[in-house]
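Asker: After the structure tokens below, expect a handful of questions from me.
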Amino acid sequence: MFKIKAPSLRKRGTAWGLCVLLLCTNPPFCLANFNQAKELIYKLKEGLPRGTLIGAIGRDLHLDFTADPPFVFSLPQKKVSEQYVNLSSTTGELHTSDKEIDRETLCPDTSKHQGCILSLDVFVLPQQYFQLVKVKIAIEDVNDNRPRFPVEEICVSVPENAPTYARYAVEQSAVDPDVGLHGVQTYWLVNDFGVFTLDVEENEGGELTPYLIVMEALDRETQAEYITDIIAEDGGTPPLLGTATLKILITDVNDNCPQFTESQINVTLLGNATKGAHLARLHAFDPDLGANAQINYAYSERVPRDTRSLFHLDRVTGLIKLVGKTDSATTSKFYKLTVLANGPGCIPAVATVTIHVIKVVTGPPVVTPRYIAVEKDGTVLMKESELAFSPIAFFTVKNTDIKQKVDCHLEGSGPFRLTPYKLFKNEYLLETTEPLDYEQTQEYELTVVARNAQGLVMRLSLKVQVLDENDNAPMFQKSLVEVSIEENNAPNTFLAQLRATDHDSGRRGEVTYHLGSDAPGVFLIDGVTGVLSVATSLDREEKETYRFIVRATDHGTPRKEAIATVVLTVQDRNDNSPRFIDKDFTFFVPENFPGFGEIGVLSVTDADAGENGWVALSILNGSDIFMIDTGRGALRAKMPLDREQQGTYQLWVEAADGGEPALSCVTMVTVLLLDVNDNPPIVLFPQSNQSYMLVLPSTLPGTSITEVYAVDKDTGMNAVIAYSIINRKGGEPGSFDIDPETGNITLKRELSNRGLYSLLVKVSDHGQPEPLHSTVMVNLFVNETVSNESYIQSLLTRESDIEVEEKPWYIGQTEGPESYELTPCQPVLVALSATCLGLLFIVIALTSYICCSRVQKHRKKRLEVEIPLKMDSDPLQVVDRKLRQVSSI
């Protein structure tokens with residue numbers, strides 16, 4: 001909806017200012033200024049539901065709704081309000097009412113140039129604010145009407161001699177109440193038969209008239225009418241269609257002339273023949289219609305008058321009768337009759353009838369017919385349903401000389417016979433020998449010949465005309481009609497034209513087409529033309545093949561019908577994108593999985609068929625590491641993968657079909673590497689086997705001395721580390737213990753011996769099937785201070801290799817101190833240790849004075865060394881602190 005605002009706020013503010021300024025001195029002036037009429041214009045599409053906002057009058061007039069008393073809006077035209085709009089009395093908002101606004105009903109006589117306007121007057125109250133607001137609502141058209149033809153069947157007559165590109169107006173053009181682009185925009189034919197086309201012309205008033213254009217030569221005698229559908233289409237989105245049957249009648253012109261079926265006829269006539277005898281019947285045919293096919297038979301001017309008076313020619317039927325008396329006393333004579341068949345504007349066709357009159361001495365036999373079947377003017381009418389041996393007529397033969405024998409027989413072709421009647425002499429019965437068939441032969445020319453012993457002959461001609469009956473059912477040209485159409489077709493698409501013929505004549509041979517009961521409702525067939533169409537768009541993915549029957553019935557009594565089967569195949573179009581079975585894929589693979597092993601299968605489908613349904617997979621990222629087996633959709637890695645380098649891979653995989661243009665979709669594939677115990681623990685502290693730590697002899701048992709810190713790059717149980725002391729050297733056995741979970745080394749007993757204690761610590765993970773481990777040497781120097789670092793380094797170098805004890809120290813400790821047994825070498829070692837300690841004390845005493853100056857410095861270092869190393873902090877911070885402690889030592 002759009003709106004055109006009232007006069008600008010600036011002007012309105014000026015008016016309000018003047019009102020406030022002059023309110024006390026001149027109120028009428030202020031009121032007069034405010035009461036100026038306002039005009040608001042809104043646009044509204046037709047057919048919108050109830051409650052749709054049309055416009056806000058108060059807001060568009062920029063009224064101050066804080067004023068006291070408040071504004072009141074009123075519609076004086078109650079009828080209009082009740083029909084189409086509702087006005088809010090407090091806000092001035094206009095909404096659509098219950099009655100839907102239909103532009104064609106509201107403004108039936110407006111054109112696309114005039115527009116449709118709904119005018120309202122709105123009062124703004126109370127009196128001190130009063131003003132009249134003119135509201136105009138422009139109703140915009142929507143495409144809610146389809147084109148309609150004034151009649152269901154339109155007939156256009158075209159002469160068969162119409163020249164190529166001749167134009168004939170289809171006067172009953174379609175009407176669409178909508179305007180503009182929503183009105184009729186074009187016309188088209190469902191079937192042009194390859195003979196016609198359709199053009200559209202627009203007059204000065206903008207009205208469209210379809211013109212039928214002849215594209216090929218016409219021949220009424222070949223096809224007298226064409227029946228199709230004419231479609232009117234408007235310009236809406238989507239367009240709406242109107243349909244009517246277009247019957248093109250090919251009118252006859254006199255472009256054919258009569259032709260005789262026989263141009264030479266010979267007749268033998270006895271001299272004593274009786275008047276009225278039928279001698280011959282001429283037949284000419286003109287394929288034209290109506291007056292153009294009328295034929296008149298006449299004698300040529302070369303036929304003498306006396307001959308004409310002797311032989312009468314019927315101008316309409318072409319029957320020649322004997323109307324005079326021949327002279328039997330004279331010799332035989334020949335009469336040559338030249339007969340003309342005249343048609344309108346034609347050169348006459350010529351036929352010659354030669355009559356040989358034979359002299360009769362005693363007189364020829366006399367043949368008297370008595371008809372059993374219906375007869376009129378020598379023509380017998382027989383139904384084709386008559387059975388074989390149906391009687392037609394009796395013939396009584398009388399001879400002038402009763403002593404002479406008469407031979408009576410039948411001349412002419414057809415299923416007839418003339419036989420003597422068994423009960424009576426000289427009586428002959430004419431009957432059929434087979435059932436008659438109108439579709440094979442419509443009429444027969446027969447002659448009954450009676451000959452006596454003198455050779456005198458009497459001939460009696462008659463015609464048998466076969467009457468048609470409904471004995472033929474319609475017959476389809478094809479009993480199986482196979483049709484194919486691409487899916488997503490336009491509505492009312494032409495599929496095929498079924499043709500059935502019926503050899504019967506008249507209404508009995510007219511065929512009407514019907515869909516069978518098994519035909520889906522989306523298919524339509526024209527009952528007259530047999531044009532099969534589909535009303536809606538088809539979807540191959542919904543159904544690919546339709547099979548149903550079409551019936552062709554005639555109009556005979558009883559009716560007969562034929563059946564044809566229609567098989568419609570919906571051809572595929574690439575209108576479906578590939579679809580993965582899952583929205584995304586997640587595969588779990590153990591690390592070090594062999595290269596080109598199958599990680600998982602990406603299942604994808606495409607509802608289309610053929611190349612449109614062939615799907616190719618490709619990796620959009622990570623193709624240097626991964627590949628896809630397109631045949632199975634198997635994802636493979638080109639190389640073994642290491643979880644410690646990268647544990648998760650996210651790939652985007654695209655599936656593209658083989659259509660033109662190709663359609664595609666993308667899915668995310670997550671590859672998660674499962675840990676394998678392929679990394680031994682790495683000891684971060686101590687940093688080397690040559691590092692050591694000072695431990696004071698006064699340290700109390702239970703004190704945390706230091707810790708071994710290690711990490712494992714694996715995860716899970718493969719990264720769970722256990723610590724154990726597997727060997728020790730120097731000092732007193734069992735002096736130190738290690739926590740198997742934390743690696744924290746604590747003092748277990750008081751230190752009585754000074755010197756270097758070396759602990760070989762094994763760091764092992766819990767991996768399966770085989771745990772991995774590493775070792776580290778932890779060196780502890782028990783003394784009050786470090787006086788000679790070179791001496792300690794020599795000890796570390798000398799004691800770098802520790803032999804692994806066959807029996808760990810802790811086995812004996814489980815039974816208490818009493819269970820500890822001295823080896824034979826232990827007394828010697830104790831004596832040597834006591835001697836070394838004595839010498840050490842002497843050296844310390846001598847050098848104590850020298851070292852006094854360094855006491856403060858060494859005290860600071862000793863305090864730093866004695867700080868416990870186990871802290872609850874980040875592993876990296878712990879490692880960093882341990883490195884600083886080692887450097888201070």
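Just so we're on the same page: first chain in the structure tokens is A, next is B, and so on; residues restart at 1 for each chain, and ligands are numbered from 1 in the order they show up.
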What lies within 9 Å of Arg315 in chain A using only C-alpha atoms, ignoring chain neighbours under 3 positions off, as a PyMOL selection string?
Answerer: chain A and resi 295-298+318-319
Asker: Mind the document's chain letters and residue numbers, and return as a PDB file with N, CA, C and O atoms, in the first residue's frame the residues of range 293-532 of chain A that DSSP labels alpha helix (DSSP H).
Answerer:
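File written: selection_2.pdb
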```
ATOM      1  N   ARG A 305     -35.056 -35.206 -83.010  1.00  0.00           N
ATOM      2  CA  ARG A 305     -36.247 -35.017 -82.197  1.00  0.00           C
ATOM      3  C   ARG A 305     -37.088 -36.282 -82.122  1.00  0.00           C
ATOM      4  O   ARG A 305     -37.655 -36.602 -81.077  1.00  0.00           O
ATOM      5  N   ASP A 306     -37.222 -37.024 -83.257  1.00  0.00           N
ATOM      6  CA  ASP A 306     -38.051 -38.227 -83.212  1.00  0.00           C
ATOM      7  C   ASP A 306     -37.444 -39.288 -82.306  1.00  0.00           C
ATOM      8  O   ASP A 306     -38.142 -40.068 -81.660  1.00  0.00           O
ATOM      9  N   THR A 307     -36.113 -39.286 -82.248  1.00  0.00           N
ATOM     10  CA  THR A 307     -35.456 -40.236 -81.334  1.00  0.00           C
ATOM     11  C   THR A 307     -35.715 -39.837 -79.881  1.00  0.00           C
ATOM     12  O   THR A 307     -35.969 -40.677 -79.013  1.00  0.00           O
ATOM     13  N   ARG A 308     -35.682 -38.553 -79.650  1.00  0.00           N
ATOM     14  CA  ARG A 308     -35.967 -38.083 -78.294  1.00  0.00           C
ATOM     15  C   ARG A 308     -37.385 -38.431 -77.869  1.00  0.00           C
ATOM     16  O   ARG A 308     -37.646 -38.756 -76.699  1.00  0.00           O
ATOM     17  N   SER A 309     -38.301 -38.358 -78.837  1.00  0.00           N
ATOM     18  CA  SER A 309     -39.687 -38.671 -78.507  1.00  0.00           C
ATOM     19  C   SER A 309     -39.908 -40.153 -78.285  1.00  0.00           C
ATOM     20  O   SER A 309     -40.872 -40.568 -77.647  1.00  0.00           O
ATOM     21  N   LEU A 310     -38.989 -40.983 -78.830  1.00  0.00           N
ATOM     22  CA  LEU A 310     -39.106 -42.418 -78.673  1.00  0.00           C
ATOM     23  C   LEU A 310     -38.507 -42.884 -77.347  1.00  0.00           C
ATOM     24  O   LEU A 310     -39.052 -43.780 -76.694  1.00  0.00           O
TER      25      LEU A 310
END
```
Asker: At most 9 Å is the cut-off: for each residue in range 590-670 of chain A with any atom that close to an atom of range 532-544 of chain A, write down the nearest atom pair and the distance in Å rounded to one decimal, counting only C-alpha atoms, chain first then increasing number, as a Markdown table.
Answerer:
```
| residue | atom | partner | partner_atom | distance |
| --- | --- | --- | --- | --- |
| A:Ala607 | CA | A:Glu541 | CA | 6.3 |
| A:Asp608 | CA | A:Glu541 | CA | 6.9 |
| A:Ala609 | CA | A:Glu541 | CA | 8.8 |
```
Asker: With only C-alpha atoms as the counted atoms, please give the residues lying no more than 9 Å from Ser173 in chain A, apart from itself and same-chain residues fewer than 6 positions off, as a VMD selection string.
Answerer: chain A and resid 148 to 150 208 to 210 232
Asker: Counting only C-alpha atoms, which of A:Cys408, A:Leu118, A:Leu694, A:Ile738 gets nearest to Ala453 in chain A?
Answerer: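 Ranked by minimum distance to Ala453 in chain A, first place goes to A:Cys408.
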